[in-house]
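J.: This structure is in structure tokens; I'll ask about it shortly.
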Amino acid sequence: MKFIYIEVDPERAAAVEAAGVDRVMVDLEINGKEARQLNMNTVISRHTLDDVTAICGVLSTSELLVRVNPLFDGTKAEVDAVIARGADRLMLPMFTHPDEVRAFRDIVDGRVPVTYLAETPAALARLPAIAALDGVDDILLGLNDLHLGFGLDFMFELVADGVIEHAAGILRDHDVSFGFGGIARLGHGRLPAELVLSEHLRMGSTQTILSRDFRQIPDQAGFVEEMKKLRAYLAGPMDHAANQAELVRITRAIADDIRARKGGT
């Protein structure tokens with residue numbers, strides 16, 4: 001399992017690399033994001049090209065992953081600049097059609113690998129065609145924007161109700177590496193990270209993002225300890241069927257609670 005951590009502080013980036021994080025992400029995506037996530041309890045990054053340079057300068061074993069903006073008139077210039085500043089891998093968000101994936105793939109032209117962030121209902125509906133494209137070998141399923149696009153109350157409804165499992169089957173059939181969502185620290189979160197990780201393994205997922213809960217860790221020693229716990233849990237025995245049932249139960253309770261607080265019926 002590859003763990004992704006979003007970070008632009010060089011000292012902390014070096015610390016999480018030393019703790020065993022596989023990919024450190026700088027997030028340049030801003031186009032359309034504020035309108036899309038208005039009034040949501042989400043973090044909108046304000047990272048810059050200078051942050052790409054700074055993080056590149058401290059990493060030696062972790063991949064430097066840079067999320068760029070959705071395809072737009074300035075994509076080629078942005079991609080060129082990010083690669084020139086040392087990105088090891090790019091991430092394309094918010095695409096809706098295989099044509100956008102092809103266009104981005106052609107702009108990158110094999111200079112670095114790409115993770116395609118499927119986070120729109122249209123991308124999910126067209127996933128078989130997208131996964132079949134030459135050069136598409138890594139897809140992350142973005143639960144936050146997907147659940148907004150579907151009008152759901154809680155992002156893990158997509159996991160509990162089989163949407164992500166269906167997508168996982170498509171990606172496995174096309175031999176595309178994939179992951180989904182984010183996880184909190186073990187023992188944290190109303191939906192326990194242990195249950196989410198069990199679903200990752202059951203479906204064949206190979207990657208996930210470490211959520212902002214990990215930002216509560218005060219120092220490198222604490223981060224090392226949390227990463228050891230994650231790796232140990234992943235290597236241990238699990239009852240996937242029981243874990244899945246419990247995840248479904250808790251997810252539906254959380255979704256019902258959110259809906260009630262929003263005044264839904």
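In the structure tokens, chains take the letters A, B, ... in the order shown, each chain's residues start at 1, and ligands count up from 1 in the order shown.
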What parts of stretch 6-117 of chain A does DSSP call helix (DSSP H, G or I)? I'd like the answer as a ChimeraX atom specification.

T.: /A:10-19,33-36,49-56,75-84,98-108

J.: Which residues come within 10 Å of A:Gly204, counting only C-alpha atoms, excluding same-chain residues fewer than 6 positions away, as a PyMOL selection string?

T.: chain A and resi 1+165+168-169+171-172+177-179+198

J.: Write out, as a PDB file, in the first residue's frame, the residues just selected, with N, CA and C atoms.

T.:
```
ATOM      1  N   MET A   1       0.847  -1.194   0.000  1.00  0.00           N
ATOM      2  CA  MET A   1       0.000   0.000   0.000  1.00  0.00           C
ATOM      3  C   MET A   1       0.883   1.245   0.000  1.00  0.00           C
ATOM      4  N   GLU A 165     -16.507  -0.495  -5.258  1.00  0.00           N
ATOM      5  CA  GLU A 165     -16.214  -1.891  -5.581  1.00  0.00           C
ATOM      6  C   GLU A 165     -16.427  -2.175  -7.066  1.00  0.00           C
ATOM      7  N   ALA A 168     -13.536  -0.667  -8.824  1.00  0.00           N
ATOM      8  CA  ALA A 168     -12.339  -1.470  -8.576  1.00  0.00           C
ATOM      9  C   ALA A 168     -12.289  -2.681  -9.493  1.00  0.00           C
ATOM     10  N   GLY A 169     -13.449  -3.298  -9.725  1.00  0.00           N
ATOM     11  CA  GLY A 169     -13.487  -4.447 -10.621  1.00  0.00           C
ATOM     12  C   GLY A 169     -13.082  -4.074 -12.044  1.00  0.00           C
ATOM     13  N   LEU A 171     -11.116  -1.599 -12.907  1.00  0.00           N
ATOM     14  CA  LEU A 171      -9.686  -1.274 -12.930  1.00  0.00           C
ATOM     15  C   LEU A 171      -8.829  -2.530 -12.805  1.00  0.00           C
ATOM     16  N   ARG A 172      -9.257  -3.470 -11.996  1.00  0.00           N
ATOM     17  CA  ARG A 172      -8.522  -4.745 -11.924  1.00  0.00           C
ATOM     18  C   ARG A 172      -8.548  -5.457 -13.277  1.00  0.00           C
ATOM     19  N   SER A 177      -3.451   0.037 -11.633  1.00  0.00           N
ATOM     20  CA  SER A 177      -3.302   0.246 -10.195  1.00  0.00           C
ATOM     21  C   SER A 177      -4.274   1.326  -9.752  1.00  0.00           C
ATOM     22  N   PHE A 178      -4.829   1.171  -8.552  1.00  0.00           N
ATOM     23  CA  PHE A 178      -5.815   2.153  -8.122  1.00  0.00           C
ATOM     24  C   PHE A 178      -5.837   2.270  -6.601  1.00  0.00           C
ATOM     25  N   GLY A 179      -6.451   3.347  -6.157  1.00  0.00           N
ATOM     26  CA  GLY A 179      -6.706   3.559  -4.745  1.00  0.00           C
ATOM     27  C   GLY A 179      -7.923   4.450  -4.618  1.00  0.00           C
ATOM     28  N   SER A 198      -9.207  -2.236   5.620  1.00  0.00           N
ATOM     29  CA  SER A 198      -9.651  -3.581   5.286  1.00  0.00           C
ATOM     30  C   SER A 198     -10.338  -3.602   3.922  1.00  0.00           C
TER      31      SER A 198
END
```

J.: Any idea what's packed within 9 Å of stretch 227-244 of chain A, counting only C-alpha atoms, ignoring anything in its chain fewer than 6 positions away? Could you give it as a compact mmCIF listing (two decimals) with all heavy atoms, in the first residue's frame?

T.:
```
# COMPACT_ATOMS: atom_id res chain seq x y z
N MET A 1 0.85 -1.19 0.00
CA MET A 1 0.00 0.00 0.00
C MET A 1 0.88 1.24 0.00
O MET A 1 1.77 1.39 0.84
CB MET A 1 -0.91 0.00 1.23
CG MET A 1 -1.77 1.24 1.38
SD MET A 1 -3.16 1.31 0.23
CE MET A 1 -4.20 0.00 0.90
N ALA A 19 9.72 8.79 7.69
CA ALA A 19 8.78 7.91 8.38
C ALA A 19 8.20 6.84 7.46
O ALA A 19 7.53 5.92 7.93
CB ALA A 19 7.65 8.73 8.99
N GLY A 20 8.43 6.97 6.15
CA GLY A 20 7.99 5.93 5.23
C GLY A 20 6.84 6.28 4.32
O GLY A 20 6.25 5.40 3.69
N VAL A 21 6.51 7.59 4.20
CA VAL A 21 5.47 7.99 3.25
C VAL A 21 6.01 7.80 1.83
O VAL A 21 7.16 8.17 1.53
CB VAL A 21 5.06 9.46 3.49
CG1 VAL A 21 4.25 10.00 2.32
CG2 VAL A 21 4.26 9.57 4.78
N ALA A 160 -19.55 2.01 0.96
CA ALA A 160 -20.52 1.14 1.62
C ALA A 160 -21.55 0.57 0.66
O ALA A 160 -22.01 -0.57 0.83
CB ALA A 160 -21.22 1.91 2.75
N ARG A 185 -5.72 8.27 11.24
CA ARG A 185 -4.84 7.39 12.03
C ARG A 185 -5.64 6.22 12.59
O ARG A 185 -6.85 6.33 12.80
CB ARG A 185 -4.23 8.19 13.19
CG ARG A 185 -3.21 9.23 12.77
CD ARG A 185 -2.80 10.08 13.95
NE ARG A 185 -3.87 10.99 14.35
CZ ARG A 185 -3.85 11.74 15.45
NH1 ARG A 185 -2.82 11.67 16.29
NH2 ARG A 185 -4.85 12.53 15.74
N LEU A 186 -4.95 5.11 12.81
CA LEU A 186 -5.61 3.98 13.44
C LEU A 186 -6.17 4.42 14.80
O LEU A 186 -5.52 5.14 15.55
CB LEU A 186 -4.63 2.83 13.63
CG LEU A 186 -4.09 2.17 12.36
CD1 LEU A 186 -3.22 0.98 12.73
CD2 LEU A 186 -5.20 1.73 11.42
N GLU A 194 -9.26 1.41 10.52
CA GLU A 194 -9.06 -0.02 10.37
C GLU A 194 -10.05 -0.63 9.38
O GLU A 194 -9.70 -1.50 8.57
CB GLU A 194 -9.20 -0.71 11.74
CG GLU A 194 -8.07 -0.41 12.71
CD GLU A 194 -8.28 0.87 13.52
OE1 GLU A 194 -9.13 1.71 13.13
OE2 GLU A 194 -7.60 1.02 14.55
N LEU A 195 -11.31 -0.19 9.45
CA LEU A 195 -12.33 -0.72 8.55
C LEU A 195 -12.09 -0.27 7.11
O LEU A 195 -12.29 -1.04 6.17
CB LEU A 195 -13.72 -0.27 9.01
CG LEU A 195 -14.14 -0.69 10.41
CD1 LEU A 195 -15.54 -0.18 10.72
CD2 LEU A 195 -14.08 -2.21 10.58
N VAL A 196 -11.67 0.98 6.96
CA VAL A 196 -11.39 1.50 5.61
C VAL A 196 -10.21 0.76 4.99
O VAL A 196 -10.25 0.37 3.81
CB VAL A 196 -11.13 3.02 5.66
CG1 VAL A 196 -10.80 3.54 4.27
CG2 VAL A 196 -12.33 3.75 6.25
N LEU A 197 -9.15 0.55 5.76
CA LEU A 197 -7.99 -0.17 5.23
C LEU A 197 -8.35 -1.60 4.85
O LEU A 197 -7.84 -2.13 3.85
CB LEU A 197 -6.86 -0.16 6.27
CG LEU A 197 -6.10 1.15 6.40
CD1 LEU A 197 -5.17 1.10 7.61
CD2 LEU A 197 -5.30 1.44 5.13
N SER A 198 -9.21 -2.24 5.62
CA SER A 198 -9.65 -3.58 5.29
C SER A 198 -10.34 -3.60 3.92
O SER A 198 -10.13 -4.52 3.11
CB SER A 198 -10.60 -4.10 6.37
OG SER A 198 -11.07 -5.40 6.07
N GLU A 199 -11.14 -2.58 3.64
CA GLU A 199 -11.79 -2.49 2.34
C GLU A 199 -10.78 -2.27 1.22
O GLU A 199 -10.92 -2.81 0.12
CB GLU A 199 -12.84 -1.38 2.34
CG GLU A 199 -14.12 -1.75 3.07
CD GLU A 199 -14.89 -2.84 2.34
OE1 GLU A 199 -14.59 -4.03 2.59
OE2 GLU A 199 -15.77 -2.51 1.52
N LEU A 201 -7.75 -3.45 1.11
CA LEU A 201 -7.14 -4.75 0.83
C LEU A 201 -8.12 -5.70 0.15
O LEU A 201 -7.76 -6.44 -0.78
CB LEU A 201 -6.61 -5.36 2.12
CG LEU A 201 -5.42 -4.65 2.79
CD1 LEU A 201 -4.92 -5.46 3.97
CD2 LEU A 201 -4.29 -4.41 1.81
N ARG A 202 -9.36 -5.70 0.62
CA ARG A 202 -10.35 -6.61 0.04
C ARG A 202 -10.56 -6.34 -1.45
O ARG A 202 -10.73 -7.26 -2.25
CB ARG A 202 -11.68 -6.47 0.79
CG ARG A 202 -12.73 -7.50 0.37
CD ARG A 202 -14.03 -7.31 1.15
NE ARG A 202 -14.71 -6.07 0.83
CZ ARG A 202 -15.48 -5.89 -0.24
NH1 ARG A 202 -15.67 -6.87 -1.11
NH2 ARG A 202 -16.07 -4.72 -0.46
```

J.: Tell me, counting only C-alpha atoms, for each residue of stretch 156-239 of chain A within 8 Å of stretch 134-148 of chain A, which pair of atoms is nearest and how far apart they are in Å to one decimal, in rows ordered by chain and increasing number, as JSON lines.

T.:
```
{"residue": "A:Phe156", "atom": "CA", "partner": "A:Leu143", "partner_atom": "CA", "distance": 7.1}
{"residue": "A:Glu157", "atom": "CA", "partner": "A:His147", "partner_atom": "CA", "distance": 7.8}
{"residue": "A:Leu158", "atom": "CA", "partner": "A:His147", "partner_atom": "CA", "distance": 7.0}
{"residue": "A:Ile164", "atom": "CA", "partner": "A:Leu141", "partner_atom": "CA", "distance": 7.8}
{"residue": "A:Asp175", "atom": "CA", "partner": "A:Asp137", "partner_atom": "CA", "distance": 7.3}
{"residue": "A:Val176", "atom": "CA", "partner": "A:Asp137", "partner_atom": "CA", "distance": 4.6}
{"residue": "A:Ser177", "atom": "CA", "partner": "A:Asp138", "partner_atom": "CA", "distance": 4.7}
{"residue": "A:Phe178", "atom": "CA", "partner": "A:Ile139", "partner_atom": "CA", "distance": 4.8}
{"residue": "A:Gly179", "atom": "CA", "partner": "A:Leu140", "partner_atom": "CA", "distance": 4.9}
{"residue": "A:Phe180", "atom": "CA", "partner": "A:Leu141", "partner_atom": "CA", "distance": 4.5}
{"residue": "A:Gly181", "atom": "CA", "partner": "A:Leu143", "partner_atom": "CA", "distance": 5.2}
{"residue": "A:Gln207", "atom": "CA", "partner": "A:Leu140", "partner_atom": "CA", "distance": 7.8}
{"residue": "A:Thr208", "atom": "CA", "partner": "A:Leu140", "partner_atom": "CA", "distance": 7.9}
```

J.: For the residues in the current selection, export all heavy atoms as a compact mmCIF listing (two decimals), in the first residue's frame.

T.:
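Output below, filename selection.txt:
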```txt
# COMPACT_ATOMS: atom_id res chain seq x y z
N PHE A 156 -18.10 8.18 2.24
CA PHE A 156 -17.89 6.73 2.28
C PHE A 156 -19.16 5.95 1.96
O PHE A 156 -19.13 4.71 1.93
CB PHE A 156 -17.30 6.32 3.63
CG PHE A 156 -15.81 6.56 3.68
CD1 PHE A 156 -15.31 7.73 4.23
CD2 PHE A 156 -14.93 5.65 3.13
CE1 PHE A 156 -13.94 7.97 4.25
CE2 PHE A 156 -13.56 5.87 3.14
CZ PHE A 156 -13.06 7.04 3.70
N GLU A 157 -20.27 6.64 1.67
CA GLU A 157 -21.41 5.94 1.09
C GLU A 157 -21.03 5.28 -0.22
O GLU A 157 -21.55 4.21 -0.58
CB GLU A 157 -22.57 6.91 0.86
CG GLU A 157 -23.26 7.41 2.10
CD GLU A 157 -24.41 8.33 1.77
OE1 GLU A 157 -25.51 7.80 1.49
OE2 GLU A 157 -24.21 9.56 1.80
N LEU A 158 -20.10 5.86 -0.94
CA LEU A 158 -19.62 5.28 -2.20
C LEU A 158 -18.95 3.94 -1.99
O LEU A 158 -18.99 3.06 -2.85
CB LEU A 158 -18.65 6.25 -2.88
CG LEU A 158 -19.26 7.56 -3.40
CD1 LEU A 158 -18.19 8.62 -3.54
CD2 LEU A 158 -19.97 7.32 -4.72
N ILE A 164 -17.62 2.03 -5.34
CA ILE A 164 -16.17 1.91 -5.48
C ILE A 164 -15.79 0.46 -5.80
O ILE A 164 -14.86 0.22 -6.59
CB ILE A 164 -15.46 2.40 -4.20
CG1 ILE A 164 -15.73 3.89 -4.00
CG2 ILE A 164 -13.97 2.13 -4.26
CD1 ILE A 164 -15.33 4.78 -5.16
N ASP A 175 -5.99 -4.10 -15.46
CA ASP A 175 -4.65 -4.12 -14.87
C ASP A 175 -4.14 -2.70 -14.56
O ASP A 175 -2.99 -2.36 -14.81
CB ASP A 175 -3.66 -4.84 -15.81
CG ASP A 175 -2.38 -5.27 -15.08
OD1 ASP A 175 -2.43 -5.46 -13.84
OD2 ASP A 175 -1.34 -5.39 -15.75
N VAL A 176 -5.04 -1.87 -14.03
CA VAL A 176 -4.70 -0.50 -13.65
C VAL A 176 -4.58 -0.44 -12.13
O VAL A 176 -5.50 -0.83 -11.41
CB VAL A 176 -5.78 0.49 -14.12
CG1 VAL A 176 -5.51 1.89 -13.59
CG2 VAL A 176 -5.86 0.49 -15.65
N SER A 177 -3.45 0.04 -11.63
CA SER A 177 -3.30 0.25 -10.20
C SER A 177 -4.27 1.33 -9.75
O SER A 177 -4.49 2.31 -10.47
CB SER A 177 -1.87 0.67 -9.86
OG SER A 177 -0.95 -0.34 -10.20
N PHE A 178 -4.83 1.17 -8.55
CA PHE A 178 -5.81 2.15 -8.12
C PHE A 178 -5.84 2.27 -6.60
O PHE A 178 -5.31 1.43 -5.86
CB PHE A 178 -7.22 1.77 -8.62
CG PHE A 178 -7.81 0.57 -7.92
CD1 PHE A 178 -8.62 0.72 -6.80
CD2 PHE A 178 -7.55 -0.71 -8.38
CE1 PHE A 178 -9.16 -0.38 -6.16
CE2 PHE A 178 -8.08 -1.82 -7.75
CZ PHE A 178 -8.88 -1.66 -6.62
N GLY A 179 -6.45 3.35 -6.16
CA GLY A 179 -6.71 3.56 -4.75
C GLY A 179 -7.92 4.45 -4.62
O GLY A 179 -8.52 4.86 -5.62
N PHE A 180 -8.28 4.76 -3.38
CA PHE A 180 -9.44 5.64 -3.19
C PHE A 180 -9.34 6.33 -1.84
O PHE A 180 -8.71 5.86 -0.90
CB PHE A 180 -10.76 4.87 -3.30
CG PHE A 180 -10.94 3.76 -2.30
CD1 PHE A 180 -11.46 4.00 -1.04
CD2 PHE A 180 -10.61 2.45 -2.64
CE1 PHE A 180 -11.64 2.98 -0.12
CE2 PHE A 180 -10.79 1.41 -1.73
CZ PHE A 180 -11.30 1.67 -0.47
N GLY A 181 -9.97 7.50 -1.81
CA GLY A 181 -10.22 8.20 -0.55
C GLY A 181 -8.99 8.53 0.27
O GLY A 181 -7.87 8.62 -0.22
N GLN A 207 -3.24 2.23 -2.93
CA GLN A 207 -2.81 3.55 -2.49
C GLN A 207 -3.96 4.31 -1.83
O GLN A 207 -5.13 4.06 -2.13
CB GLN A 207 -2.28 4.38 -3.67
CG GLN A 207 -3.29 4.60 -4.78
CD GLN A 207 -2.70 5.27 -5.98
OE1 GLN A 207 -2.34 6.45 -5.92
NE2 GLN A 207 -2.58 4.55 -7.08
N THR A 208 -3.60 5.23 -0.94
CA THR A 208 -4.58 6.12 -0.34
C THR A 208 -3.86 7.35 0.19
O THR A 208 -2.63 7.35 0.36
CB THR A 208 -5.37 5.42 0.78
OG1 THR A 208 -6.49 6.24 1.15
CG2 THR A 208 -4.50 5.17 2.01
```

J.: Can you tell me, as a short mmCIF file (atom, residue, chain, number, x, y, z; two decimals) with N, CA and C atoms, in the first residue's frame, what residues are no more than 8 Å from A:Thr96 when counting only C-alpha atoms, ignoring any on the same chain fewer than 5 positions away?

T.:
```cif
data_model
loop_
_atom_site.label_atom_id
_atom_site.label_comp_id
_atom_site.auth_asym_id
_atom_site.auth_seq_id
_atom_site.Cartn_x
_atom_site.Cartn_y
_atom_site.Cartn_z
N THR A 120 -15.30 12.66 -10.82
CA THR A 120 -16.58 13.18 -11.34
C THR A 120 -17.47 11.99 -11.70
N PRO A 121 -18.78 12.13 -11.55
CA PRO A 121 -19.68 11.04 -11.97
C PRO A 121 -19.47 10.65 -13.43
N ALA A 122 -19.19 11.62 -14.30
CA ALA A 122 -18.97 11.31 -15.72
C ALA A 122 -17.73 10.45 -15.91
N ALA A 123 -16.67 10.74 -15.17
CA ALA A 123 -15.46 9.91 -15.26
C ALA A 123 -15.73 8.50 -14.79
N ARG A 126 -17.62 6.59 -17.38
CA ARG A 126 -16.79 6.28 -18.55
C ARG A 126 -15.50 5.55 -18.18
#
```

J.: So that I can see what lies close to stretch 77-94 of chain A, please list as a list in words the residues with an atom at most 6 Å from it, counting only C-alpha atoms and leaving out residues fewer than 3 positions away in the same chain.

T.: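 In the requested format, the answer is Thr53, Cys56, Glu63, Leu64, Leu65, Val66, Arg67, Pro70, Gly74, Val112, Pro113, Val114, Thr115, Tyr116, Leu117 and Glu119 of chain A.
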
J.: Could those selected residues go to a file with all heavy atoms, as a tab-separated table (two decimals), in the first residue's frame?

T.:
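Printed below is part_28.tsv as written:
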```
chain	number	residue	atom	x	y	z
A	53	THR	N	9.47	23.34	-6.09
A	53	THR	CA	10.94	23.40	-6.04
A	53	THR	C	11.46	23.10	-4.64
A	53	THR	O	12.42	22.33	-4.48
A	53	THR	CB	11.41	24.81	-6.45
A	53	THR	OG1	10.90	25.10	-7.77
A	53	THR	CG2	12.93	24.89	-6.46
A	56	CYS	N	10.96	19.36	-3.75
A	56	CYS	CA	11.90	18.57	-4.55
A	56	CYS	C	13.29	18.57	-3.92
A	56	CYS	O	14.00	17.56	-3.93
A	56	CYS	CB	11.97	19.12	-5.97
A	56	CYS	SG	13.15	18.26	-7.03
A	63	GLU	N	8.35	9.76	-3.79
A	63	GLU	CA	8.00	10.43	-5.04
A	63	GLU	C	7.42	11.80	-4.74
A	63	GLU	O	6.61	11.95	-3.82
A	63	GLU	CB	6.92	9.63	-5.79
A	63	GLU	CG	7.42	8.68	-6.83
A	63	GLU	CD	6.29	8.14	-7.69
A	63	GLU	OE1	5.19	7.85	-7.17
A	63	GLU	OE2	6.50	7.99	-8.90
A	64	LEU	N	7.80	12.79	-5.54
A	64	LEU	CA	7.17	14.10	-5.48
A	64	LEU	C	6.01	14.10	-6.48
A	64	LEU	O	6.20	14.11	-7.69
A	64	LEU	CB	8.17	15.20	-5.82
A	64	LEU	CG	7.60	16.61	-5.99
A	64	LEU	CD1	6.76	17.03	-4.79
A	64	LEU	CD2	8.71	17.62	-6.25
A	65	LEU	N	4.81	14.05	-5.93
A	65	LEU	CA	3.58	14.03	-6.72
A	65	LEU	C	2.99	15.43	-6.74
A	65	LEU	O	2.82	16.05	-5.68
A	65	LEU	CB	2.59	13.05	-6.08
A	65	LEU	CG	1.15	13.05	-6.58
A	65	LEU	CD1	1.07	12.61	-8.03
A	65	LEU	CD2	0.30	12.14	-5.70
A	66	VAL	N	2.68	15.94	-7.92
A	66	VAL	CA	2.10	17.28	-8.03
A	66	VAL	C	0.74	17.19	-8.72
A	66	VAL	O	0.64	16.73	-9.86
A	66	VAL	CB	3.02	18.23	-8.81
A	66	VAL	CG1	2.38	19.62	-8.91
A	66	VAL	CG2	4.39	18.33	-8.15
A	67	ARG	N	-0.28	17.63	-7.99
A	67	ARG	CA	-1.61	17.73	-8.60
A	67	ARG	C	-1.71	19.07	-9.30
A	67	ARG	O	-1.57	20.13	-8.66
A	67	ARG	CB	-2.71	17.59	-7.55
A	67	ARG	CG	-4.11	17.78	-8.14
A	67	ARG	CD	-5.22	17.19	-7.27
A	67	ARG	NE	-5.28	17.79	-5.94
A	67	ARG	CZ	-6.10	17.36	-4.96
A	67	ARG	NH1	-6.89	16.32	-5.19
A	67	ARG	NH2	-6.11	17.95	-3.80
A	70	PRO	N	-7.25	21.06	-13.45
A	70	PRO	CA	-7.95	20.36	-14.53
A	70	PRO	C	-7.53	20.93	-15.88
A	70	PRO	O	-7.07	22.08	-15.97
A	70	PRO	CB	-9.43	20.64	-14.24
A	70	PRO	CG	-9.49	20.98	-12.79
A	70	PRO	CD	-8.20	21.66	-12.47
A	74	GLY	N	-3.95	26.70	-20.18
A	74	GLY	CA	-2.58	26.81	-19.70
A	74	GLY	C	-1.97	25.51	-19.23
A	74	GLY	O	-0.91	25.52	-18.58
A	112	VAL	N	7.00	11.98	-17.26
A	112	VAL	CA	6.84	11.46	-15.90
A	112	VAL	C	5.55	10.63	-15.89
A	112	VAL	O	4.68	10.82	-16.74
A	112	VAL	CB	6.74	12.59	-14.84
A	112	VAL	CG1	8.04	13.38	-14.74
A	112	VAL	CG2	5.56	13.51	-15.14
A	113	PRO	N	5.40	9.71	-14.94
A	113	PRO	CA	4.13	8.98	-14.83
A	113	PRO	C	3.01	9.89	-14.34
A	113	PRO	O	3.26	10.95	-13.74
A	113	PRO	CB	4.45	7.86	-13.83
A	113	PRO	CG	5.63	8.35	-13.07
A	113	PRO	CD	6.41	9.24	-13.98
A	114	VAL	N	1.78	9.45	-14.57
A	114	VAL	CA	0.60	10.24	-14.22
A	114	VAL	C	-0.37	9.38	-13.41
A	114	VAL	O	-0.63	8.22	-13.75
A	114	VAL	CB	-0.12	10.77	-15.47
A	114	VAL	CG1	-1.41	11.52	-15.09
A	114	VAL	CG2	0.80	11.67	-16.28
A	115	THR	N	-0.90	9.95	-12.35
A	115	THR	CA	-2.05	9.40	-11.64
A	115	THR	C	-3.28	10.19	-12.04
A	115	THR	O	-3.28	11.42	-11.92
A	115	THR	CB	-1.85	9.48	-10.11
A	115	THR	OG1	-0.75	8.64	-9.73
A	115	THR	CG2	-3.11	9.03	-9.37
A	116	TYR	N	-4.28	9.51	-12.55
A	116	TYR	CA	-5.51	10.17	-12.97
A	116	TYR	C	-6.53	10.10	-11.83
A	116	TYR	O	-6.87	9.02	-11.35
A	116	TYR	CB	-6.05	9.52	-14.25
A	116	TYR	CG	-5.13	9.75	-15.42
A	116	TYR	CD1	-4.16	8.81	-15.76
A	116	TYR	CD2	-5.20	10.92	-16.16
A	116	TYR	CE1	-3.29	9.03	-16.82
A	116	TYR	CE2	-4.34	11.15	-17.23
A	116	TYR	CZ	-3.38	10.21	-17.55
A	116	TYR	OH	-2.51	10.44	-18.59
A	117	LEU	N	-6.98	11.27	-11.40
A	117	LEU	CA	-7.89	11.37	-10.26
A	117	LEU	C	-9.33	11.38	-10.76
A	117	LEU	O	-9.85	12.42	-11.19
A	117	LEU	CB	-7.58	12.63	-9.45
A	117	LEU	CG	-8.43	12.88	-8.20
A	117	LEU	CD1	-8.31	11.73	-7.21
A	117	LEU	CD2	-8.02	14.21	-7.54
A	119	GLU	N	-12.85	11.71	-10.20
A	119	GLU	CA	-13.64	12.28	-9.10
A	119	GLU	C	-14.90	12.98	-9.59
A	119	GLU	O	-15.49	13.77	-8.87
A	119	GLU	CB	-12.78	13.24	-8.27
A	119	GLU	CG	-12.12	14.35	-9.08
A	119	GLU	CD	-11.25	15.26	-8.24
A	119	GLU	OE1	-11.33	15.21	-7.00
A	119	GLU	OE2	-10.47	16.03	-8.84
```

J.: Within 10 Å of A:Arg46, counting only C-alpha atoms, which residues show up once you throw out same-chain ones fewer than 3 positions away? Write them as a list in words, please.

T.: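 Listing them by chain and then by number gives Val8, Val26, Asp27, Leu28, Glu29, Ile30, Val43 and Asp51 of chain A.
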
J.: Fewer than 4 positions away in the same chain doesn't count, so skip those; otherwise give me all residues within 9 Å of A:Ala15, counting only C-alpha atoms, as an MDAnalysis selection string.

T.: chainID A and resid 10:11 19:20 219:221 223:224

J.: Run DSSP on the backbone and give me the residues of stretch 73-121 of chain A it puts in strand (DSSP E or B), as a list in words.

T.: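 Selection result, strand (DSSP E or B) within stretch 73-121 of chain A: Arg89, Leu90, Met91, Leu92, Val114, Thr115, Tyr116, Leu117 and Ala118 of chain A.
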